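Structure file input.cif (mmCIF, C-alpha atoms) is printed below.
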data_final
loop_
_atom_site.group_PDB
_atom_site.id
_atom_site.type_symbol
_atom_site.label_atom_id
_atom_site.label_comp_id
_atom_site.auth_asym_id
_atom_site.auth_seq_id
_atom_site.Cartn_x
_atom_site.Cartn_y
_atom_site.Cartn_z
ATOM 1 C CA MET A 6 109.010 246.111 106.888
ATOM 2 C CA PRO A 7 107.875 244.233 109.993
ATOM 3 C CA ALA A 8 107.422 240.466 109.974
ATOM 4 C CA LYS A 9 103.968 239.198 109.055
ATOM 5 C CA ASP A 10 101.672 238.209 111.865
ATOM 6 C CA LEU A 11 100.879 234.513 112.294
ATOM 7 C CA TYR A 12 97.278 235.079 111.130
ATOM 8 C CA HIS A 13 98.068 237.513 108.328
ATOM 9 C CA ASP A 14 97.048 235.170 105.516
ATOM 10 C CA THR A 15 94.058 233.833 107.471
ATOM 11 C CA VAL A 16 92.639 237.350 107.784
ATOM 12 C CA LYS A 17 93.363 238.041 104.137
ATOM 13 C CA VAL A 18 91.354 234.976 103.101
ATOM 14 C CA ALA A 19 88.547 235.792 105.567
ATOM 15 C CA LEU A 20 88.276 239.361 104.205
ATOM 16 C CA MET A 21 88.134 238.113 100.621
ATOM 17 C CA LYS A 22 85.366 235.649 101.553
ATOM 18 C CA ASP A 23 83.559 238.649 103.108
ATOM 19 C CA GLY A 24 83.593 240.472 99.772
ATOM 20 C CA TRP A 25 86.676 242.640 100.211
ATOM 21 C CA THR A 26 89.404 243.163 97.641
ATOM 22 C CA ILE A 27 92.878 243.330 99.155
ATOM 23 C CA THR A 28 94.466 246.440 97.691
ATOM 24 C CA GLN A 29 97.629 246.758 99.811
ATOM 25 C CA ASP A 30 99.710 244.127 101.591
ATOM 26 C CA PRO A 31 101.062 245.938 103.540
ATOM 27 C CA LEU A 32 99.609 249.436 103.429
ATOM 28 C CA SER A 33 102.548 251.813 103.807
ATOM 29 C CA LEU A 34 102.164 255.336 105.146
ATOM 30 C CA ARG A 35 104.639 258.138 105.586
ATOM 31 C CA PHE A 36 103.907 260.717 108.248
ATOM 32 C CA GLY A 37 106.500 263.464 108.484
ATOM 33 C CA LYS A 38 109.793 261.581 108.331
ATOM 34 C CA LYS A 39 108.407 258.364 109.818
ATOM 35 C CA ASP A 40 107.202 255.297 107.930
ATOM 36 C CA PHE A 41 104.413 252.999 109.077
ATOM 37 C CA PHE A 42 103.204 249.712 107.706
ATOM 38 C CA ILE A 43 99.663 248.545 108.402
ATOM 39 C CA ASP A 44 99.135 244.861 107.591
ATOM 40 C CA LEU A 45 96.399 245.157 104.975
ATOM 41 C CA GLY A 46 94.461 247.680 102.936
ATOM 42 C CA ALA A 47 91.118 246.563 101.458
ATOM 43 C CA GLU A 48 88.190 247.956 99.543
ATOM 44 C CA ARG A 49 84.622 246.937 98.882
ATOM 45 C CA LEU A 50 82.150 248.424 96.433
ATOM 46 C CA LEU A 51 78.982 249.706 98.054
ATOM 47 C CA ALA A 52 76.650 248.985 95.158
ATOM 48 C CA ALA A 53 73.808 251.240 96.275
ATOM 49 C CA GLU A 54 76.007 254.302 96.540
ATOM 50 C CA LYS A 55 78.558 253.419 93.853
ATOM 51 C CA ASN A 56 81.106 254.260 96.520
ATOM 52 C CA ARG A 57 84.132 252.385 97.689
ATOM 53 C CA GLU A 58 84.390 251.505 101.353
ATOM 54 C CA LYS A 59 88.047 251.512 102.377
ATOM 55 C CA ILE A 60 89.630 249.873 105.407
ATOM 56 C CA ALA A 61 93.052 249.256 106.891
ATOM 57 C CA VAL A 62 93.484 246.125 108.988
ATOM 58 C CA GLU A 63 96.162 245.403 111.569
ATOM 59 C CA VAL A 64 96.325 241.707 112.471
ATOM 60 C CA LYS A 65 97.290 240.692 116.014
ATOM 61 C CA SER A 66 97.696 237.094 117.118
ATOM 62 C CA PHE A 67 97.669 237.617 120.917
ATOM 63 C CA ILE A 68 99.900 234.625 121.551
ATOM 64 C CA GLY A 69 102.402 236.309 123.909
ATOM 65 C CA PRO A 70 102.839 235.251 127.562
ATOM 66 C CA SER A 71 100.886 238.304 128.781
ATOM 67 C CA GLU A 72 97.476 239.116 127.349
ATOM 68 C CA ILE A 73 97.664 242.636 128.825
ATOM 69 C CA LYS A 74 101.060 243.242 127.183
ATOM 70 C CA ASP A 75 99.600 242.065 123.863
ATOM 71 C CA LEU A 76 96.645 244.411 124.394
ATOM 72 C CA GLU A 77 98.935 247.361 125.151
ATOM 73 C CA ASN A 78 100.976 246.736 122.016
ATOM 74 C CA ALA A 79 97.894 246.377 119.828
ATOM 75 C CA LEU A 80 96.310 249.489 121.340
ATOM 76 C CA GLY A 81 99.451 251.572 120.831
ATOM 77 C CA GLN A 82 99.709 250.616 117.183
ATOM 78 C CA PHE A 83 96.021 251.215 116.663
ATOM 79 C CA VAL A 84 96.010 254.691 118.226
ATOM 80 C CA LEU A 85 99.145 255.714 116.328
ATOM 81 C CA TYR A 86 97.929 254.447 112.955
ATOM 82 C CA GLN A 87 94.439 255.837 113.454
ATOM 83 C CA ASN A 88 95.773 259.301 114.151
ATOM 84 C CA ALA A 89 98.106 259.177 111.154
ATOM 85 C CA LEU A 90 95.299 257.853 108.906
ATOM 86 C CA SER A 91 92.905 260.568 110.051
ATOM 87 C CA ILE A 92 95.253 263.069 108.400
ATOM 88 C CA LEU A 93 96.592 261.029 105.467
ATOM 89 C CA GLU A 94 93.494 259.048 104.465
ATOM 90 C CA PRO A 95 90.496 260.261 106.450
ATOM 91 C CA ASP A 96 88.063 258.077 104.487
ATOM 92 C CA ARG A 97 89.830 254.820 105.431
ATOM 93 C CA ALA A 98 88.624 253.101 108.625
ATOM 94 C CA LEU A 99 91.100 251.175 110.745
ATOM 95 C CA PHE A 100 90.335 247.786 112.304
ATOM 96 C CA LEU A 101 92.251 245.518 114.648
ATOM 97 C CA ALA A 102 91.812 241.887 113.535
ATOM 98 C CA ILE A 103 91.824 239.359 116.380
ATOM 99 C CA ARG A 104 90.583 235.836 116.901
ATOM 100 C CA GLU A 105 86.999 235.603 118.194
ATOM 101 C CA ALA A 106 88.359 233.752 121.284
ATOM 102 C CA VAL A 107 90.583 236.750 122.113
ATOM 103 C CA TYR A 108 87.638 239.081 121.618
ATOM 104 C CA VAL A 109 85.538 237.124 124.101
ATOM 105 C CA ASP A 110 88.398 236.862 126.580
ATOM 106 C CA LEU A 111 89.500 240.489 126.579
ATOM 107 C CA PHE A 112 86.702 242.620 125.198
ATOM 108 C CA GLU A 113 83.849 241.119 127.143
ATOM 109 C CA GLU A 114 86.011 241.906 130.229
ATOM 110 C CA ALA A 115 85.868 245.266 132.042
ATOM 111 C CA ILE A 116 89.055 246.750 130.561
ATOM 112 C CA GLY A 117 88.201 245.791 126.984
ATOM 113 C CA GLN A 118 84.630 247.049 127.399
ATOM 114 C CA LEU A 119 85.988 250.384 128.614
ATOM 115 C CA LEU A 120 88.238 250.729 125.542
ATOM 116 C CA LEU A 121 85.318 249.946 123.222
ATOM 117 C CA GLN A 122 82.899 252.291 125.036
ATOM 118 C CA ARG A 123 85.405 255.086 124.643
ATOM 119 C CA ASN A 124 85.799 254.354 120.918
ATOM 120 C CA LEU A 125 89.509 253.692 121.269
ATOM 121 C CA LEU A 126 89.433 250.607 119.060
ATOM 122 C CA GLN A 127 87.483 249.126 116.191
ATOM 123 C CA ILE A 128 87.661 245.362 115.933
ATOM 124 C CA VAL A 129 87.049 242.677 113.370
ATOM 125 C CA SER A 130 87.070 239.184 114.828
ATOM 126 C CA PHE A 131 87.719 236.019 112.861
ATOM 127 C CA ASP A 132 87.593 232.241 113.188
ATOM 128 C CA PRO A 133 91.127 230.980 112.459
ATOM 129 C CA ASP A 134 89.999 227.453 111.534
ATOM 130 C CA GLN A 135 87.124 228.349 109.209
ATOM 131 C CA GLU A 136 89.030 231.439 107.975
ATOM 132 C CA VAL A 137 85.911 233.579 108.159
ATOM 133 C CA ILE A 138 85.018 236.933 109.697
ATOM 134 C CA ILE A 139 82.827 236.588 112.790
ATOM 135 C CA ARG A 140 81.938 240.196 113.619
ATOM 136 C CA TRP A 141 82.770 243.853 113.187
ATOM 137 C CA ILE A 142 82.756 245.949 116.350
ATOM 138 C CA THR A 143 82.659 249.678 115.576
ATOM 139 C CA MET B 16 105.332 242.403 138.265
ATOM 140 C CA PRO B 17 107.164 243.571 135.149
ATOM 141 C CA ALA B 18 110.924 244.199 135.165
ATOM 142 C CA LYS B 19 112.025 247.706 136.058
ATOM 143 C CA ASP B 20 112.941 250.033 133.249
ATOM 144 C CA LEU B 21 116.601 250.994 132.816
ATOM 145 C CA TYR B 22 115.872 254.562 133.963
ATOM 146 C CA HIS B 23 113.474 253.672 136.775
ATOM 147 C CA ASP B 24 115.761 254.802 139.606
ATOM 148 C CA THR B 25 116.970 257.850 137.642
ATOM 149 C CA VAL B 26 113.398 259.098 137.303
ATOM 150 C CA LYS B 27 112.712 258.368 140.958
ATOM 151 C CA VAL B 28 115.685 260.525 142.003
ATOM 152 C CA ALA B 29 114.762 263.291 139.539
ATOM 153 C CA LEU B 30 111.180 263.397 140.870
ATOM 154 C CA MET B 31 112.397 263.609 144.468
ATOM 155 C CA LYS B 32 114.753 266.473 143.524
ATOM 156 C CA ASP B 33 111.689 268.123 141.948
ATOM 157 C CA GLY B 34 109.858 268.032 145.306
ATOM 158 C CA TRP B 35 107.832 264.851 144.855
ATOM 159 C CA THR B 36 107.410 262.105 147.428
ATOM 160 C CA ILE B 37 107.409 258.639 145.904
ATOM 161 C CA THR B 38 104.363 256.906 147.385
ATOM 162 C CA GLN B 39 104.195 253.729 145.274
ATOM 163 C CA ASP B 40 106.931 251.757 143.512
ATOM 164 C CA PRO B 41 105.182 250.321 141.575
ATOM 165 C CA LEU B 42 101.619 251.621 141.661
ATOM 166 C CA SER B 43 99.367 248.583 141.285
ATOM 167 C CA LEU B 44 95.840 248.790 139.936
ATOM 168 C CA ARG B 45 93.148 246.201 139.494
ATOM 169 C CA PHE B 46 90.558 246.812 136.821
ATOM 170 C CA GLY B 47 87.906 244.107 136.600
ATOM 171 C CA LYS B 48 89.932 240.887 136.753
ATOM 172 C CA LYS B 49 93.101 242.404 135.282
ATOM 173 C CA ASP B 50 96.126 243.743 137.171
ATOM 174 C CA PHE B 51 98.284 246.656 136.022
ATOM 175 C CA PHE B 52 101.512 248.009 137.400
ATOM 176 C CA ILE B 53 102.513 251.599 136.693
ATOM 177 C CA ASP B 54 106.170 252.293 137.505
ATOM 178 C CA LEU B 55 105.764 255.021 140.131
ATOM 179 C CA GLY B 56 103.138 256.844 142.155
ATOM 180 C CA ALA B 57 104.109 260.231 143.618
ATOM 181 C CA GLU B 58 102.555 263.105 145.522
ATOM 182 C CA ARG B 59 103.432 266.717 146.182
ATOM 183 C CA LEU B 60 101.823 269.109 148.639
ATOM 184 C CA LEU B 61 100.432 272.221 147.011
ATOM 185 C CA ALA B 62 101.047 274.600 149.934
ATOM 186 C CA ALA B 63 98.691 277.335 148.787
ATOM 187 C CA GLU B 64 95.735 275.000 148.492
ATOM 188 C CA LYS B 65 96.712 272.494 151.185
ATOM 189 C CA ASN B 66 95.982 269.920 148.529
ATOM 190 C CA ARG B 67 97.986 266.960 147.366
ATOM 191 C CA GLU B 68 98.868 266.749 143.702
ATOM 192 C CA LYS B 69 99.025 263.088 142.656
ATOM 193 C CA ILE B 70 100.726 261.577 139.655
ATOM 194 C CA ALA B 71 101.500 258.175 138.184
ATOM 195 C CA VAL B 72 104.652 257.880 136.095
ATOM 196 C CA GLU B 73 105.492 255.234 133.506
ATOM 197 C CA VAL B 74 109.196 255.226 132.628
ATOM 198 C CA LYS B 75 110.270 254.308 129.080
ATOM 199 C CA SER B 76 113.882 254.050 127.992
ATOM 200 C CA PHE B 77 113.365 254.028 124.185
ATOM 201 C CA ILE B 78 116.460 251.944 123.559
ATOM 202 C CA GLY B 79 114.903 249.351 121.222
ATOM 203 C CA PRO B 80 115.990 248.966 117.593
ATOM 204 C CA SER B 81 112.841 250.773 116.337
ATOM 205 C CA GLU B 82 111.867 254.146 117.765
ATOM 206 C CA ILE B 83 108.369 253.801 116.294
ATOM 207 C CA LYS B 84 107.932 250.382 117.925
ATOM 208 C CA ASP B 85 109.019 251.905 121.252
ATOM 209 C CA LEU B 86 106.548 254.752 120.704
ATOM 210 C CA GLU B 87 103.706 252.324 119.938
ATOM 211 C CA ASN B 88 104.414 250.323 123.097
ATOM 212 C CA ALA B 89 104.628 253.429 125.277
ATOM 213 C CA LEU B 90 101.456 254.866 123.747
ATOM 214 C CA GLY B 91 99.517 251.639 124.252
ATOM 215 C CA GLN B 92 100.468 251.436 127.917
ATOM 216 C CA PHE B 93 99.689 255.107 128.418
ATOM 217 C CA VAL B 94 96.228 254.935 126.849
ATOM 218 C CA LEU B 95 95.341 251.763 128.750
ATOM 219 C CA TYR B 96 96.542 253.056 132.125
ATOM 220 C CA GLN B 97 94.997 256.476 131.613
ATOM 221 C CA ASN B 98 91.617 254.987 130.898
ATOM 222 C CA ALA B 99 91.828 252.669 133.914
ATOM 223 C CA LEU B 100 93.019 255.540 136.163
ATOM 224 C CA SER B 101 90.212 257.804 134.998
ATOM 225 C CA ILE B 102 87.813 255.351 136.649
ATOM 226 C CA LEU B 103 89.912 254.125 139.600
ATOM 227 C CA GLU B 104 91.731 257.317 140.604
ATOM 228 C CA PRO B 105 90.383 260.250 138.610
ATOM 229 C CA ASP B 106 92.465 262.786 140.563
ATOM 230 C CA ARG B 107 95.794 261.169 139.618
ATOM 231 C CA ALA B 108 97.464 262.425 136.414
ATOM 232 C CA LEU B 109 99.507 260.032 134.300
ATOM 233 C CA PHE B 110 102.860 260.948 132.756
ATOM 234 C CA LEU B 111 105.207 259.128 130.428
ATOM 235 C CA ALA B 112 108.816 259.733 131.552
ATOM 236 C CA ILE B 113 111.353 259.823 128.701
ATOM 237 C CA ARG B 114 114.829 261.233 128.193
ATOM 238 C CA GLU B 115 114.902 264.796 126.888
ATOM 239 C CA ALA B 116 116.815 263.514 123.815
ATOM 240 C CA VAL B 117 113.916 261.171 122.981
ATOM 241 C CA TYR B 118 111.452 264.003 123.465
ATOM 242 C CA VAL B 119 113.332 266.179 120.986
ATOM 243 C CA ASP B 120 113.731 263.324 118.516
ATOM 244 C CA LEU B 121 110.145 262.058 118.525
ATOM 245 C CA PHE B 122 107.881 264.761 119.885
ATOM 246 C CA GLU B 123 109.243 267.675 117.942
ATOM 247 C CA GLU B 124 108.596 265.486 114.862
ATOM 248 C CA ALA B 125 105.229 265.463 113.037
ATOM 249 C CA ILE B 126 103.891 262.206 114.524
ATOM 250 C CA GLY B 127 104.789 263.127 118.102
ATOM 251 C CA GLN B 128 103.372 266.616 117.674
ATOM 252 C CA LEU B 129 100.118 265.121 116.448
ATOM 253 C CA LEU B 130 99.861 262.859 119.522
ATOM 254 C CA LEU B 131 100.488 265.816 121.843
ATOM 255 C CA GLN B 132 98.063 268.121 120.008
ATOM 256 C CA ARG B 133 95.374 265.487 120.400
ATOM 257 C CA ASN B 134 96.103 265.139 124.126
ATOM 258 C CA LEU B 135 96.932 261.477 123.786
ATOM 259 C CA LEU B 136 100.021 261.680 125.998
ATOM 260 C CA GLN B 137 101.402 263.712 128.865
ATOM 261 C CA ILE B 138 105.172 263.703 129.133
ATOM 262 C CA VAL B 139 107.819 264.463 131.705
ATOM 263 C CA SER B 140 111.323 264.584 130.248
ATOM 264 C CA PHE B 141 114.517 264.079 132.228
ATOM 265 C CA ASP B 142 118.284 264.372 131.896
ATOM 266 C CA PRO B 143 119.695 260.898 132.621
ATOM 267 C CA ASP B 144 123.174 262.183 133.564
ATOM 268 C CA GLN B 145 122.140 265.015 135.870
ATOM 269 C CA GLU B 146 119.136 262.991 137.119
ATOM 270 C CA VAL B 147 116.852 266.005 136.920
ATOM 271 C CA ILE B 148 113.460 266.740 135.374
ATOM 272 C CA ILE B 149 113.727 268.954 132.278
ATOM 273 C CA ARG B 150 110.073 269.667 131.447
ATOM 274 C CA TRP B 151 106.465 268.673 131.862
ATOM 275 C CA ILE B 152 104.380 268.585 128.701
ATOM 276 C CA THR B 153 100.658 268.506 129.458
#

What does the file become when written as structure tokens?
Amino acid sequence: MPAKDLYHDTVKVALMKDGWTITQDPLSLRFGKKDFFIDLGAERLLAAEKNREKIAVEVKSFIGPSEIKDLENALGQFVLYQNALSILEPDRALFLAIREAVYVDLFEEAIGQLLLQRNLLQIVSFDPDQEVIIRWIT
Amino acid sequence: MPAKDLYHDTVKVALMKDGWTITQDPLSLRFGKKDFFIDLGAERLLAAEKNREKIAVEVKSFIGPSEIKDLENALGQFVLYQNALSILEPDRALFLAIREAVYVDLFEEAIGQLLLQRNLLQIVSFDPDQEVIIRWIT
């Protein structure tokens, strides 16, 4: 299993404050002969519909020397996991968890905007000090 | 500029043997405020049409301890570059260059097949000893 991201526990706390129950830590998937581990699986009861909303969350700290390299790595994981999930668990939505500061820096920029417009990523941003979710970008 | 991949020069030679002219080494792109460097740009004259076929090639050695990690990194770069190219140079096709052995290992497996079926990657495979192109997977 891969090492936990720096903000793993921060995101876990922020999700719980947002009403989510952490159901997997990590969420392991097997596709063909290959194993994948997504940082967190979580569920929330949608009272009105008596349905469970299910998500998988991959946490990325973006603390490497190159922001673009960090973006490439996050994007590659996201695309791979999303495609595997679409077959294995089509009712579970995948989110990339990043700090709100990273969101503003990268995703209000041209390249990040392009990725979001083309629905290549779904993001949940968080405040690492307050340990709260800031926004969901779907 | 990023360090050259282990097989950078091998792929360059193999492309030239295949009739390509290397036009950029690396191919640099600017998207918004961000710079990207794709390993190689190449062109080939299509005699019948008097047109130039243009490609960009990102070389990946896949020699890391985790094949899946290598795949994630390659996929992330590919998706990012392809989206930037689709705006900046829509007539240039992007290819990921990998050894034929890696192709067989990963892309004849379920996860690789899924990525190819969904048109998430285009691949050119090469023989590192003979320094020749084996196949183009589009």

Picked residues, the PyMOL selection byres ((chain B) within 8 of (chain A)), as a PyMOL selection string: chain B and resi 46-49+83+86-92+94-95+98-99+124-126+129-130

Within 7 Å of B:Phe110 using all atoms listed in the file, minus same-chain residues under 6 positions, as a PDB file with C-alpha atoms, keeping the file's coordinate frame:
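Contents of around.pdb, as written:
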ATOM      1  CA  ALA B  71     101.500 258.175 138.184  1.00  0.00           C
ATOM      2  CA  VAL B  72     104.652 257.880 136.095  1.00  0.00           C
ATOM      3  CA  GLU B  73     105.492 255.234 133.506  1.00  0.00           C
ATOM      4  CA  GLN B 137     101.402 263.712 128.865  1.00  0.00           C
ATOM      5  CA  ILE B 138     105.172 263.703 129.133  1.00  0.00           C
ATOM      6  CA  VAL B 139     107.819 264.463 131.705  1.00  0.00           C
TER       7      VAL B 139
END

Evaluate the PyMOL selection byres ((chain B and resi 140) around 6) and report residues as a ChimeraX atom specification: /B:112-115,139,141,148-150

Two-atom distance - atom CA of B:His23, atom CA of B:Val74 (Å):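 Separating atom CA of B:His23 from atom CA of B:Val74 is a distance of 6.2 Å.
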
Once the PyMOL selection byres ((chain B and resi 19-21) around 10) has been applied to the shown file, what residues remain in the selection, as a PDB file with C-alpha atoms, in the coordinates of the input?
ATOM      1  CA  MET B  16     105.332 242.403 138.265  1.00  0.00           C
ATOM      2  CA  PRO B  17     107.164 243.571 135.149  1.00  0.00           C
ATOM      3  CA  ALA B  18     110.924 244.199 135.165  1.00  0.00           C
ATOM      4  CA  TYR B  22     115.872 254.562 133.963  1.00  0.00           C
ATOM      5  CA  HIS B  23     113.474 253.672 136.775  1.00  0.00           C
ATOM      6  CA  ASP B  24     115.761 254.802 139.606  1.00  0.00           C
ATOM      7  CA  THR B  25     116.970 257.850 137.642  1.00  0.00           C
ATOM      8  CA  VAL B  26     113.398 259.098 137.303  1.00  0.00           C
ATOM      9  CA  ASP B  40     106.931 251.757 143.512  1.00  0.00           C
ATOM     10  CA  PRO B  41     105.182 250.321 141.575  1.00  0.00           C
ATOM     11  CA  ASP B  54     106.170 252.293 137.505  1.00  0.00           C
ATOM     12  CA  GLU B  73     105.492 255.234 133.506  1.00  0.00           C
ATOM     13  CA  VAL B  74     109.196 255.226 132.628  1.00  0.00           C
ATOM     14  CA  LYS B  75     110.270 254.308 129.080  1.00  0.00           C
ATOM     15  CA  SER B  76     113.882 254.050 127.992  1.00  0.00           C
ATOM     16  CA  PHE B  77     113.365 254.028 124.185  1.00  0.00           C
ATOM     17  CA  ILE B  78     116.460 251.944 123.559  1.00  0.00           C
TER      18      ILE B  78
END

Just need the box for stretch 120-135 of chain A, edges along x, y and z, holding every atom the file lists for it with 4 Å tacked onto each side, so centre and edge lengths in Å to one decimal, as JSON.
{"center_x": 87.0, "center_y": 241.3, "center_z": 117.4, "size_x": 16.2, "size_y": 35.6, "size_z": 24.3}

For atom CA of A:Trp141 and atom CA of A:Ser91, the interatomic separation in Å (one decimal): 19.8 Å

Using all atoms listed in the file: which of A:Leu34, A:Thr28, A:Gln87, A:Gly69 has the shortest distance to A:Leu101: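 Once distances to A:Leu101 are computed over all atoms listed in the file, the minimum belongs to A:Gln87.
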
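Here atom CA of A:Gly46 and atom CA of A:Glu94 stand 11.5 Å from one another.
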
Pick from A:Leu90, A:Ile142, A:Leu45, A:Ile60, whichever lies nearest to A:Val18 using only C-alpha atoms: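 Using only C-alpha atoms, the shortest distance to A:Val18 belongs to A:Leu45.
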
Shortest interatomic distance to A:Gln122 - which of A:Gly24, A:Thr143, A:Glu58, A:Glu48, counting only C-alpha atoms: A:Thr143
